[in-house]
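Report on the following structure.
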Amino acid sequence: MRILITNDDGYEAKGIKVLADIMSQFGEVTVIAPKKHQSGMSMAVSLGFKQIAHKDLGEGWHYVDATPASCVKYGLNTIFLNEFPDVVVSGINHGSNAAINVIYSGTMGAVFVGAEHGIPSIGFSIDDHSPEADFSHMEKYILELTKHLLEEKKPYGVCYNVNAPVGELVGLKWTRQCRGYWSKEMIPAVDEKGEACYKLGGEFINIEPEAQDTDHWAMNNHYMSVHPCSIDQTATELV
């Protein structure tokens, strides 16, 4: 099995190293990750690469001066040009991509590119922004879930957004995207030059807190959330 791995935290992030180690149990791993942090890029693409570089992190490791989506596009059109990988995996992201975050996420942007090409694709995230986040409680579930999803037949364009809370897990829970939005996102700050600026932050407003079938509920109750997604954004109930 040939596995393409990327992320949006950059090739030096702990999460992608952990994910590469886990996925190596399934087959041959190729890592093509951004040179630097690319959170919030969604499916943004780099129209040209000024630098394509290789880092001596081991065989099959590469970094690209581009967005996560472009990392996958680069891989599919160079290394995997003659034969697509069997699976595209993104993460493990340092920070949750549950609820509305899925449409902003660079982690999931890369996954959507895989789904666009009909490749089984999965994004993994943990609700912990620490560079030294502990992923150990996720490993057995990542193995179990990846094996299941690769064996499952699914419609074209479907992919998976998988999010875990911090700490021990009760198990896996299939979920839907929680409805909500971000509030008070623009936070006044001072940059490294001492100049006034704004930083993105804020508070997530869950507009259905009682619903027990959402990704947010699952994570708040110590489950790893498995949210099937689709690149088809048609509001089918209105067609």
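All residue names refer to the structure tokens as shown: chains lettered A, B, ... in order, residues numbered from 1 in each chain, ligands numbered from 1 in order.
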
* **Test item, strand (DSSP E or B) assignment across segment 1-220 of chain A, answer as a PyMOL selection string** => chain A and resi 2-6+28-34+52-53+61-64+87-94+121-126+158-164+171-174+176+180-183+186-190+196-200+203-206+214

Sorted by chain and rising residue number, list the residues of segment 71-103 of chain A at most 10 Å from segment 29-39 of chain A (counting only C-alpha atoms), each with its closest atom pair and distance in Å to one decimal, as a Markdown table.
```
| residue | atom | partner | partner_atom | distance |
| --- | --- | --- | --- | --- |
| A:Cys71 | CA | A:Ile32 | CA | 5.9 |
| A:Val72 | CA | A:Ile32 | CA | 7.3 |
| A:Tyr74 | CA | A:Ile32 | CA | 8.4 |
| A:Gly75 | CA | A:Ile32 | CA | 7.0 |
| A:Ile79 | CA | A:Thr30 | CA | 9.0 |
| A:Phe80 | CA | A:Thr30 | CA | 9.9 |
| A:Pro85 | CA | A:Thr30 | CA | 9.3 |
| A:Val88 | CA | A:Thr30 | CA | 9.8 |
| A:Val89 | CA | A:Val31 | CA | 9.6 |
| A:Ser90 | CA | A:Ala33 | CA | 9.3 |
| A:Gly91 | CA | A:Ala33 | CA | 9.8 |
| A:Asn93 | CA | A:Ser39 | CA | 9.2 |
| A:His94 | CA | A:Ser39 | CA | 9.7 |
| A:Gly95 | CA | A:Ser39 | CA | 9.7 |
```

Do you have, as CSV, the list of residues of segment 33-107 of chain A lying at most 12 Å from segment 200-223 of chain A, each with its nearest atom pair and that distance in Å to one decimal, counting only C-alpha atoms and ordered by chain then number?
```
residue,atom,partner,partner_atom,distance
A:Ser39,CA,A:Leu200,CA,11.6
A:Gly40,CA,A:Leu200,CA,10.5
A:Ser96,CA,A:Met219,CA,9.6
A:Asn97,CA,A:Asp215,CA,9.6
A:Ala98,CA,A:Asp215,CA,6.1
A:Ala99,CA,A:Asp215,CA,6.7
A:Ile100,CA,A:Phe204,CA,9.1
A:Asn101,CA,A:Phe204,CA,9.7
A:Val102,CA,A:Asp215,CA,10.9
```

* Gap from atom CA of Ala115 of chain A to atom CA of Arg176 of chain A - Å, one decimal -> 18.0 Å

* **Pick from A:Ala69, A:Asn163, A:Ala13, A:Val87, whichever lies nearest to Glu28 of chain A using only C-alpha atoms** =>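 When distances to Glu28 of chain A are compared using only C-alpha atoms, the smallest one comes from A:Val87.
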